[in-house]
>>> print(open('query_4.txt').read())   # compact mmCIF, C-alpha atoms and all ligand atoms
# COMPACT_ATOMS: atom_id res chain seq x y z
CA MET A 256 50.90 9.52 33.00
CA GLY A 257 49.67 10.39 36.45
CA MET A 258 46.31 9.15 37.64
CA LYS A 259 44.88 12.66 37.74
CA LYS A 260 45.96 13.40 34.21
CA LEU A 261 44.61 10.06 32.98
CA CYS A 262 41.26 10.82 34.59
CA ALA A 263 41.19 14.22 32.92
CA VAL A 264 41.95 12.67 29.52
CA LEU A 265 39.26 10.02 30.06
CA ALA A 266 36.75 12.67 31.14
CA PHE A 267 37.56 14.69 28.03
CA LEU A 268 37.13 11.61 25.83
CA LEU A 269 33.78 10.85 27.45
CA LEU A 270 32.66 14.43 26.87
CA CYS A 271 33.63 14.15 23.20
CA LEU A 272 31.71 10.90 22.91
CA SER A 273 28.59 12.30 24.52
CA MET A 274 28.76 15.40 22.30
CA ALA A 275 29.07 13.20 19.23
CA ALA A 276 26.06 11.19 20.38
CA CYS A 277 23.97 14.37 20.57
CA SER A 278 25.12 15.98 17.31
CA PRO A 279 22.30 16.72 14.84
CA LYS A 280 23.51 13.96 12.54
CA GLU A 281 23.11 11.35 15.27
CA LYS A 282 19.69 12.69 16.20
CA ALA A 283 18.30 12.32 12.67
CA LYS A 284 15.39 9.97 13.15
CA TYR A 285 14.61 9.18 9.54
CA PRO A 286 16.84 8.28 6.62
CA THR A 287 17.40 10.79 3.81
CA ASP A 288 18.79 8.40 1.21
CA ASN A 289 17.11 6.64 -1.70
CA VAL A 290 17.37 3.17 -0.22
CA TYR A 291 14.35 1.27 1.08
CA HIS A 292 14.30 1.02 4.89
CA PRO A 293 11.44 -1.22 6.06
CA GLU A 294 11.57 0.19 9.64
CA THR A 295 10.74 3.76 8.59
CA ASP A 296 9.50 3.65 5.00
CA SER A 297 6.12 2.97 3.47
CA HIS A 298 5.94 -0.69 2.47
CA PHE A 299 5.46 0.16 -1.20
CA MET A 300 5.06 -3.49 -2.19
CA TYR A 301 1.84 -3.57 -0.14
CA ALA A 302 0.59 -0.06 -0.96
CA GLY A 303 -2.06 1.03 -3.40
CA TYR A 304 -4.14 -2.13 -3.48
CA ASP A 305 -7.81 -2.69 -2.82
CA VAL A 306 -6.74 -4.88 0.07
CA GLN A 307 -4.99 -3.27 3.02
CA MET A 308 -1.96 -5.25 4.02
CA THR A 309 1.44 -4.76 5.62
CA GLU A 310 4.35 -6.77 7.00
CA SER A 311 6.12 -6.91 10.36
CA PRO A 312 9.18 -8.97 11.29
CA ASP A 313 6.87 -11.73 12.62
CA GLY A 314 3.98 -11.72 10.21
CA TYR A 315 1.48 -9.88 8.07
CA TYR A 316 -1.51 -7.72 8.89
CA VAL A 317 -4.51 -7.70 6.60
CA LYS A 318 -7.92 -6.11 6.66
CA MET A 319 -10.72 -8.35 5.38
CA GLY A 320 -14.13 -6.76 5.52
CA ASP A 321 -14.36 -5.09 8.92
CA THR A 322 -11.85 -7.35 10.64
CA LEU A 323 -8.12 -6.88 11.08
CA TYR A 324 -6.15 -10.14 10.98
CA PHE A 325 -2.61 -11.15 11.80
CA ILE A 326 -1.01 -13.84 9.65
CA ASP A 327 1.82 -15.65 11.41
CA LYS A 328 4.88 -15.91 9.14
CA LYS A 329 5.71 -19.43 10.28
CA THR A 330 2.28 -21.05 10.03
CA LEU A 331 0.70 -18.64 7.50
CA GLN A 332 -2.55 -18.92 9.45
CA ALA A 333 -4.62 -15.80 10.05
CA SER A 334 -6.33 -14.88 13.31
CA PRO A 335 -8.25 -11.74 14.34
CA LEU A 336 -6.01 -9.16 16.07
CA CYS A 337 -7.97 -9.33 19.31
CA GLY A 338 -6.92 -10.62 22.70
CA LYS A 339 -10.26 -10.19 24.45
CA PRO A 340 -11.32 -13.33 26.32
CA ASN A 341 -14.54 -14.94 25.12
CA CYS A 342 -14.69 -12.65 22.09
CA ARG A 343 -16.21 -14.34 19.06
CA HIS A 344 -14.66 -11.71 16.73
CA GLN A 345 -16.05 -11.89 13.20
CA ASP A 346 -18.47 -14.67 14.21
CA GLU A 347 -20.33 -12.33 16.55
CA THR A 348 -23.91 -11.54 15.57
CA GLU A 349 -24.75 -8.75 18.03
CA SER A 350 -23.64 -5.31 16.89
CA GLU A 351 -22.57 -4.15 20.31
CA LYS A 352 -20.31 -7.15 20.90
CA LEU A 353 -18.94 -7.08 17.37
CA ILE A 354 -17.92 -3.43 17.71
CA ALA A 355 -16.30 -4.20 21.07
CA CYS A 356 -13.97 -6.70 19.36
CA ASP A 357 -10.49 -5.21 19.14
CA ALA A 358 -10.10 -6.53 15.60
CA PHE A 359 -13.15 -4.58 14.39
CA PHE A 360 -12.46 -1.59 12.14
CA THR A 361 -15.09 -0.27 9.78
CA SER A 362 -14.18 -0.03 6.12
CA SER A 363 -12.42 3.05 4.90
CA ASP A 364 -11.92 4.88 1.63
CA CYS A 365 -8.51 5.58 3.00
CA PRO A 366 -6.73 2.26 2.75
CA CYS A 367 -3.78 2.68 5.06
CA LEU A 368 -2.14 -0.06 7.02
CA GLU A 369 1.54 0.30 7.82
CA PHE A 370 3.99 -1.32 10.23
CA GLN A 371 6.86 0.96 11.18
CA ASN A 372 9.31 1.32 14.05
CA GLY A 373 7.67 -1.53 15.94
CA TYR A 374 4.12 -0.17 15.69
CA LEU A 375 1.12 -0.97 13.56
CA TYR A 376 -0.83 1.99 12.11
CA VAL A 377 -4.46 1.59 11.07
CA CYS A 378 -6.85 4.09 9.45
CA ALA A 379 -10.07 4.16 11.47
CA PRO A 380 -12.80 6.24 9.86
CA ASP A 381 -15.50 5.67 12.44
CA ARG A 382 -16.60 7.49 15.55
CA LEU A 383 -15.06 4.83 17.77
CA PHE A 384 -11.74 6.61 17.33
CA ALA A 385 -12.17 9.91 15.51
CA PRO A 386 -14.34 13.00 15.85
CA ASP A 387 -16.86 13.90 13.19
CA ALA A 388 -15.59 14.07 9.60
CA GLN A 389 -12.15 12.81 10.57
CA THR A 390 -10.27 9.57 10.04
CA ALA A 391 -8.03 8.55 12.90
CA ILE A 392 -4.56 7.12 12.44
CA VAL A 393 -4.43 4.61 15.29
CA GLN A 394 -1.04 3.39 16.52
CA MET A 395 -0.82 0.08 18.37
CA LYS A 396 1.68 -2.54 19.50
CA PRO A 397 2.14 -5.57 17.23
CA ASP A 398 -0.39 -7.55 19.32
CA GLY A 399 -3.02 -4.83 18.91
CA THR A 400 -2.76 -3.43 22.45
CA GLU A 401 -1.87 0.05 23.70
CA ARG A 402 -3.92 1.86 21.07
CA LYS A 403 -3.47 5.55 20.63
CA VAL A 404 -4.76 8.04 18.04
CA VAL A 405 -1.59 9.78 16.80
CA ALA A 406 -3.20 12.00 14.14
CA THR A 407 -6.42 12.63 12.29
CA ILE A 408 -6.92 13.36 8.61
CA PRO A 409 -10.13 14.44 6.82
CA ASP A 410 -12.57 11.63 6.16
CA THR A 411 -12.60 12.72 2.51
CA ALA A 412 -8.99 11.54 2.12
CA VAL A 413 -8.89 8.86 -0.57
CA ASP A 414 -5.44 7.37 -0.32
CA CYS A 415 -2.96 7.30 2.50
CA LEU A 416 0.49 6.05 3.42
CA ILE A 417 3.06 6.59 6.15
CA HIS A 418 6.65 7.30 5.16
CA ARG A 419 9.63 8.58 7.15
CA GLY A 420 7.63 10.26 9.88
CA TYR A 421 4.75 11.70 7.83
CA ILE A 422 1.24 10.64 6.93
CA TYR A 423 0.58 11.38 3.24
CA TYR A 424 -2.90 11.49 1.71
CA ALA A 425 -4.82 12.80 -1.28
CA ASP A 426 -7.79 15.05 -0.62
CA ARG A 427 -10.19 17.45 -2.27
CA VAL A 428 -10.97 20.76 -0.58
CA PHE A 429 -13.54 23.46 -1.24
CA SER A 430 -13.05 27.22 -0.93
CA GLU A 431 -15.72 29.47 0.57
CA GLU A 432 -16.97 30.02 -3.00
CA MET A 433 -17.21 26.22 -3.23
CA ASP A 434 -14.45 25.98 -5.82
CA ALA A 435 -12.93 22.54 -5.62
CA SER A 436 -9.21 21.98 -5.58
CA TYR A 437 -7.25 18.86 -4.82
CA GLY A 438 -3.81 17.95 -3.72
CA ILE A 439 -1.55 15.67 -1.74
CA TYR A 440 -1.01 16.67 1.85
CA ARG A 441 1.15 15.47 4.70
CA VAL A 442 0.98 15.74 8.46
CA PRO A 443 3.78 14.76 10.86
CA LEU A 444 3.18 11.42 12.55
CA ASP A 445 3.96 12.97 15.93
CA GLY A 446 1.48 15.83 15.51
CA GLY A 447 1.49 19.13 13.65
CA GLU A 448 -0.12 21.11 10.86
CA LYS A 449 -0.98 19.71 7.46
CA GLU A 450 1.09 20.84 4.49
CA LEU A 451 0.25 20.77 0.77
CA ILE A 452 3.10 19.03 -1.05
CA MET A 453 1.57 18.52 -4.49
CA PRO A 454 -1.23 20.68 -5.90
CA GLY A 455 -3.54 19.20 -8.52
CA ASN A 456 -3.21 20.49 -12.10
CA LEU A 457 -6.11 19.06 -14.06
CA GLN A 458 -9.67 20.30 -14.41
CA GLY A 459 -11.88 17.89 -12.50
CA GLY A 460 -8.90 15.74 -11.66
CA GLN A 461 -7.86 13.66 -8.70
CA PHE A 462 -4.87 11.82 -7.31
CA SER A 463 -4.66 8.09 -6.70
CA ASN A 464 -2.13 5.25 -6.39
CA LEU A 465 0.21 6.98 -3.95
CA ARG A 466 3.58 5.30 -3.50
CA ALA A 467 6.65 6.47 -1.65
CA TYR A 468 10.24 5.40 -2.22
CA GLY A 469 13.32 7.04 -0.72
CA ASN A 470 12.96 10.80 -0.91
CA TYR A 471 10.16 10.65 -3.47
CA LEU A 472 6.41 10.30 -3.54
CA TYR A 473 4.65 9.23 -6.73
CA THR A 474 1.03 9.37 -7.74
CA LEU A 475 -1.26 9.06 -10.70
CA GLU A 476 -3.17 12.23 -11.58
CA VAL A 477 -6.34 11.33 -13.40
CA ALA A 478 -8.94 13.52 -15.09
CA SER A 479 -11.79 12.94 -17.45
CA GLU A 480 -11.00 12.84 -21.17
CA GLU A 481 -8.75 9.89 -20.44
CA ARG A 482 -5.80 11.77 -19.12
CA PHE A 483 -3.39 9.98 -16.82
CA ASP A 484 -0.28 11.73 -15.59
CA LEU A 485 2.29 9.98 -13.48
CA ARG A 486 3.81 12.60 -11.21
CA GLY A 487 6.37 12.72 -8.46
CA VAL A 488 7.62 15.09 -5.81
CA ASN A 489 10.96 15.28 -4.05
CA LEU A 490 10.02 15.15 -0.37
CA LEU A 491 13.17 16.95 0.79
CA THR A 492 13.11 19.87 -1.66
CA GLY A 493 9.44 20.01 -2.72
CA GLU A 494 10.48 19.88 -6.37
CA GLN A 495 7.63 18.68 -8.60
CA LEU A 496 8.52 16.00 -11.12
CA PRO A 497 6.28 15.46 -14.15
CA ILE A 498 7.21 11.92 -15.05
CA LEU A 499 4.83 10.64 -17.68
CA ASP A 500 1.88 12.02 -19.54
CA VAL A 501 -0.01 8.89 -20.35
CA ALA A 502 -2.56 9.78 -22.97
CA ASP A 503 -4.55 6.60 -23.09
CA GLU A 504 -6.26 4.33 -20.70
CA LEU A 505 -4.91 1.01 -19.48
CA ASP A 506 -5.68 -1.02 -16.43
CA GLU A 507 -2.20 -0.60 -15.09
CA GLN A 508 -0.26 2.64 -14.69
CA THR A 509 0.81 2.31 -11.10
CA PRO A 510 4.33 3.30 -10.17
CA TYR A 511 6.40 0.27 -9.14
CA PHE A 512 10.04 -0.04 -8.17
CA LYS A 513 12.77 -2.37 -9.37
CA ASP A 514 16.34 -2.36 -8.04
CA GLY A 515 16.07 1.24 -6.86
CA LYS A 516 14.52 2.47 -10.11
CA LEU A 517 11.04 3.55 -11.03
CA PHE A 518 9.23 0.90 -13.06
CA THR A 519 5.97 1.37 -14.90
CA ILE A 520 4.22 0.93 -18.19
CA LEU A 521 4.42 3.64 -20.83
CA VAL A 522 1.18 3.67 -22.74
CA HIS A 523 0.42 5.52 -25.93
CA PRO A 524 -2.37 5.35 -28.47
CA GLY A 525 -1.96 3.08 -31.48
CA GLU A 526 -1.58 4.40 -35.00
CA PRO A 527 -4.88 5.87 -36.31
CA GLU A 528 -4.64 3.71 -39.47
CA ASN A 529 -4.16 0.62 -37.33
CA PRO A 530 -6.90 0.76 -34.72
CA GLU A 531 -6.29 -2.79 -33.46
CA GLU A 532 -3.07 -1.51 -32.05
CA THR A 533 -4.76 1.01 -29.83
CA TRP A 534 -3.19 0.81 -26.39
CA CYS A 535 0.38 0.22 -27.29
CA GLY A 536 2.75 0.03 -24.40
CA GLU A 537 6.22 -0.66 -23.21
CA TYR A 538 7.50 -1.52 -19.77
CA VAL A 539 10.05 1.05 -18.79
CA LEU A 540 12.53 1.83 -16.05
CA SER A 541 13.81 5.27 -15.14
CA ASP A 542 15.78 6.82 -12.35
CA LEU A 543 13.76 8.08 -9.41
CA GLU A 544 13.52 11.59 -10.92
CA GLY A 545 11.84 10.21 -14.04
CA LYS A 546 14.93 10.64 -16.22
CA ASN A 547 17.15 8.22 -18.16
CA TRP A 548 14.45 5.93 -19.47
CA GLU A 549 15.24 2.42 -20.58
CA THR A 550 12.89 -0.13 -22.07
CA VAL A 551 12.55 -3.48 -20.35
CA PRO A 552 13.84 -6.09 -22.86
CA PHE A 553 10.62 -8.09 -22.90
CA SER A 554 8.32 -5.12 -23.44
CA PHE A 555 5.48 -5.39 -25.89
CA LYS A 556 4.67 -2.85 -28.56
CA SER A 557 1.10 -3.79 -29.22
CA ARG A 558 -1.40 -4.62 -26.55
CA GLU A 559 -2.76 -7.40 -28.76
CA GLU A 560 0.37 -9.51 -28.33
CA ASN A 561 0.24 -9.34 -24.62
CA ALA A 562 -3.37 -8.68 -23.84
CA ASN A 563 -3.64 -11.23 -21.09
CA TYR A 564 -0.73 -10.18 -18.96
CA ILE A 565 0.38 -7.54 -16.57
CA ILE A 566 3.98 -7.36 -15.42
CA VAL A 567 4.76 -5.86 -12.05
CA SER A 568 7.77 -5.67 -9.77
CA ASP A 569 8.01 -6.07 -6.03
CA GLY A 570 11.19 -4.00 -5.94
CA LYS A 571 13.39 -6.96 -6.76
CA ASP A 572 11.85 -9.39 -9.25
CA TYR A 573 9.41 -9.25 -12.15
CA TRP A 574 6.08 -11.05 -11.85
CA ARG A 575 3.46 -11.65 -14.50
CA TYR A 576 -0.20 -12.36 -13.92
CA THR A 577 -3.41 -12.65 -15.86
CA LEU A 578 -5.19 -9.40 -16.36
CA PRO A 579 -8.14 -9.59 -14.01
CA TYR A 580 -11.01 -8.89 -16.36
CA MET A 581 -14.41 -9.18 -14.78
CA GLY A 582 -15.89 -12.61 -15.32
CA MET A 583 -12.46 -14.07 -15.91
CA SER A 584 -12.79 -16.59 -13.14
CA GLU A 585 -13.72 -19.60 -15.27
CA LYS A 586 -10.30 -19.37 -16.93
CA PRO A 587 -7.29 -20.69 -15.04
CA TYR A 588 -5.30 -18.06 -13.29
CA LEU A 589 -1.74 -17.48 -14.37
CA PHE A 590 0.90 -16.22 -12.03
CA GLN A 591 4.59 -16.38 -12.91
CA LYS A 592 7.99 -15.24 -11.77
CA LEU A 593 10.19 -13.90 -14.59
CA ASP A 594 13.91 -13.51 -14.95
CA GLU A 595 15.56 -10.32 -16.25
CA LYS A 596 14.97 -11.40 -19.87
CA GLY A 597 11.30 -12.15 -19.32
CA ASN A 598 11.64 -15.95 -19.25
CA VAL A 599 9.30 -17.76 -16.90
CA VAL A 600 11.30 -19.26 -14.03
CA ALA A 601 8.39 -20.39 -11.83
CA SER A 602 4.58 -20.56 -11.77
CA ILE A 603 1.81 -21.35 -9.35
CA PRO A 604 0.43 -24.87 -9.93
CA ASP A 605 -2.18 -25.38 -12.66
CA GLY A 606 -5.83 -25.34 -11.83
CA TYR A 607 -6.25 -22.24 -9.75
CA HIS A 608 -9.38 -20.35 -10.66
CA ILE A 609 -8.99 -17.10 -8.92
CA SER A 610 -11.00 -13.94 -9.43
CA VAL A 611 -8.23 -11.75 -8.22
CA MET A 612 -8.24 -8.04 -8.06
CA MET A 613 -4.49 -7.52 -7.90
CA PRO A 614 -1.90 -9.73 -6.30
CA VAL A 615 -0.27 -8.02 -3.34
CA LEU A 616 3.40 -8.32 -4.25
CA GLY A 617 4.73 -8.57 -0.71
CA GLY A 618 8.25 -8.66 0.65
CA GLU A 619 11.05 -11.23 0.61
CA ASP A 620 9.08 -14.35 1.50
CA HIS A 621 5.46 -14.26 0.35
CA MET A 622 3.06 -12.58 -1.96
CA PHE A 623 -0.71 -12.76 -1.65
CA LEU A 624 -3.65 -13.53 -3.92
CA PHE A 625 -7.26 -12.73 -3.10
CA ASN A 626 -10.01 -14.96 -4.30
CA THR A 627 -13.68 -14.10 -4.22
CA THR A 628 -16.50 -16.56 -4.84
CA GLU A 629 -20.21 -16.21 -4.21
CA ASP A 630 -19.81 -17.88 -0.84
CA TYR A 631 -16.49 -16.73 0.53
CA HIS A 632 -13.45 -14.49 0.30
CA GLU A 633 -10.02 -16.00 0.81
CA ILE A 634 -6.39 -15.01 1.09
CA LEU A 635 -3.76 -17.24 -0.47
CA ALA A 636 -0.06 -16.88 0.28
CA VAL A 637 2.42 -17.70 -2.49
CA ASN A 638 5.87 -18.74 -1.34
CA LYS A 639 8.23 -16.61 -3.42
CA GLN A 640 11.06 -19.16 -3.41
CA PRO A 641 10.15 -21.74 -6.05
CA GLU A 642 10.71 -25.44 -5.62
CA ASN A 643 11.35 -27.16 -8.96
CA GLY A 644 9.77 -24.25 -10.79
CA GLU A 645 6.64 -24.34 -8.69
CA LEU A 646 5.43 -21.55 -6.43
CA LYS A 647 3.65 -23.15 -3.47
CA VAL A 648 0.25 -21.72 -2.60
CA GLN A 649 -1.34 -21.93 0.83
CA THR A 650 -4.69 -20.67 2.12
CA CYS A 651 -4.27 -18.24 5.03
CA LEU A 652 -7.85 -17.26 5.61
CA ARG A 653 -11.32 -17.94 4.32
CA VAL A 654 -14.20 -15.68 5.37
CA SER A 655 -17.83 -16.24 4.43
CA THR A 656 -19.40 -13.52 2.32
CA ASP A 657 -21.86 -12.49 5.04
CA GLN A 658 -19.00 -12.02 7.50
CA PHE A 659 -17.11 -10.03 4.91
CA TYR A 660 -19.89 -7.59 4.17
CA ARG A 661 -20.99 -6.23 7.51
CA ALA A 662 -24.11 -4.15 7.59
CA ILE A 663 -22.85 -1.87 10.33
CA THR A 664 -22.71 1.80 9.45
CA PHE A 665 -22.09 4.80 11.65
CA ASP A 666 -24.09 7.99 11.46
CA ARG A 667 -22.74 11.48 12.17
CA ASN A 668 -23.51 11.18 15.88
CA GLY A 669 -21.39 8.08 16.21
CA ASP A 670 -24.40 5.84 16.58
CA TYR A 671 -24.33 2.64 14.62
CA ASP A 672 -27.01 0.69 12.87
CA GLN A 673 -27.70 -2.84 13.92
CA ILE A 674 -26.25 -5.69 11.92
CA ALA A 675 -28.80 -6.32 9.24
CA ASP A 676 -30.41 -9.71 9.03
CA ARG A 677 -28.01 -11.84 7.05
CA GLY A 678 -29.01 -14.14 4.28
ZN ZN B 1 -12.42 -10.03 19.22
>>> encode(input="query_4.txt", output="structure tokens")
Amino acid sequence: MGMKKLCAVLAFLLLCLSMAACSPKEKAKYPTDNVYHPETDSHFMYAGYDVQMTESPDGYYVKMGDTLYFIDKKTLQASPLCGKPNCRHQDETESEKLIACDAFFTSSDCPCLEFQNGYLYVCAPDRLFAPDAQTAIVQMKPDGTERKVVATIPDTAVDCLIHRGYIYYADRVFSEEMDASYGIYRVPLDGGEKELIMPGNLQGGQFSNLRAYGNYLYTLEVASEERFDLRGVNLLTGEQLPILDVADELDEQTPYFKDGKLFTILVHPGEPENPEETWCGEYVLSDLEGKNWETVPFSFKSREENANYIIVSDGKDYWRYTLPYMGMSEKPYLFQKLDEKGNVVASIPDGYHISVMMPVLGGEDHMFLFNTTEDYHEILAVNKQPENGELKVQTCLRVSTDQFYRAITFDRNGDYDQIADRG
């Protein structure tokens, strides 16, 4: 082959390659399969808790009170996400200096904290970031620098997550006639109009416990008269999926995931002639469309048998913990890893007295427990790989109660009140 001809062939090959690189398939930015991708997907094992938390390749981010912390994966020690020299962070007592701390974010009804595509996203409801009646979604580098508001959502949004390029949230809106309606909305992360993806069905109802997995979003639709519906929506087609109509009340109806399946508790009222068996339930798995149900082998049929436990899944394993009744703290806390048959394979050491809300199930390495006493709030990391049947527990952070409950509030003009006298 002559040199000229070879060059022409090479040029043609290069053209083919560059065309292939620009084809729509190659340009697709977000996955469209039903596999969990931590780089682009909502970290479902951290979502839906009272505590905002997420994971990056190097560590964990957690919001405690008004302060955002980074927990280093190697040391498991937490530090405020602020690089300002001479900043006293959460120890600051002057309002102006405290607000100037980069780790300061006022509390939000919209608990969203996500780490995706190398950026941390934080919901900031205050006037430091967002205009009136808006909550800002603030994007930043892993070290908290280069902050930028990428979108705003209404400050009435009650739940929020980021998944495959969209911000999802639940909200209630009023018509001009002041008729209330509610739904789940989404806005593109890179800007654009909001879109209703799931309208509310129940009189006086609301959505909560949003979770996303693959091409699906799940939520609990709750209304008075003790009605709990677990619903889903296909995010690619918009198809609405009624998954469960849970007629009775239980502390746990959240959608979880296990080995690519939907995992939750199916609750139904007990027999009328046997009132002690009110709140019967079974742990169940289904496919992601809410079809092909199977009962988890260690399910219970009567709540009485299993009243002290809740079983959850982090996507991979089953975990069992003591139901966090109020005032439970004088009893030892139980936290166990289960095998597929429900046998206990590991536990945290005896003697922990933890008034936990919910454990945050976490990713591959750690899960997190939150302990509240009169004097302090603390975060405990549990190493998920047991040693001789024991799950090692380590304190990541302890914050005094007066640091946890800041008395800073913002009014509509963006002015803030002074920190109230503590003590
Ligand atoms: Zn600071």
>>> residues_near_ligand(input="query_4.txt", ligand="ligand ZN 1 (chain B)", cutoff="10 Å", atoms="all atoms listed in the file", output="PyMOL selection string")
chain A and resi 322-323+334-347+352-359
>>> closest_residue(input="query_4.txt", among="A:Ile566, A:Ala388, A:Ala412, A:Leu368", to="Glu595 in chain A", atoms="all atoms listed in the file")
A:Ile566
>>> residues_near_point(input="query_4.txt", point="(4.7, 14.3, 4.5)", cutoff="7 Å", atoms="all atoms listed in the file", output="PyMOL selection string")
chain A and resi 421-423+440-443
>>> closest_residue(input="query_4.txt", among="A:Leu593, A:Ala391, A:Val488, A:Ala302", to="Met613 in chain A", atoms="only C-alpha atoms")
A:Ala302
>>> atom_distance(input="query_4.txt", atom1="CA of Glu431 in chain A", atom2="CA of Glu448 in chain A")
20.5 Å
>>> closest_residue(input="query_4.txt", among="A:Val648, A:Leu635, A:Ala425, A:Val567", to="Val317 in chain A", atoms="all atoms listed in the file")
A:Leu635
>>> residues_around(input="query_4.txt", residues="Ser541 in chain A", least_positions_apart="3", cutoff="6 Å", atoms="all atoms listed in the file", output="MDAnalysis selection string")
chainID A and resid 516:517 545:548
>>> residues_near_point(input="query_4.txt", point="(9.8, 20.3, -7.4)", cutoff="12 Å", atoms="all atoms listed in the file", output="list in words")
Ile452, Met453, Pro454, Asn470, Tyr471, Leu472, Arg486, Gly487, Val488, Asn489, Leu490, Leu491, Thr492, Gly493, Glu494, Gln495, Leu496, Pro497, Ile498 and Glu544 of chain A
>>> atom_distance(input="query_4.txt", atom1="CA of Asn456 in chain A", atom2="CA of Asp426 in chain A")
13.5 Å
>>> atom_distance(input="query_4.txt", atom1="CA of Glu619 in chain A", atom2="CA of Tyr316 in chain A")
15.4 Å
>>> axis_aligned_box(input="query_4.txt", around="range 400-410 of chain A", padding_each_side="3 Å", output="AutoDock Vina command-line options")
--center_x -7.1 --center_y 5.5 --center_z 14.9 --size_x 17.0 --size_y 23.9 --size_z 23.5
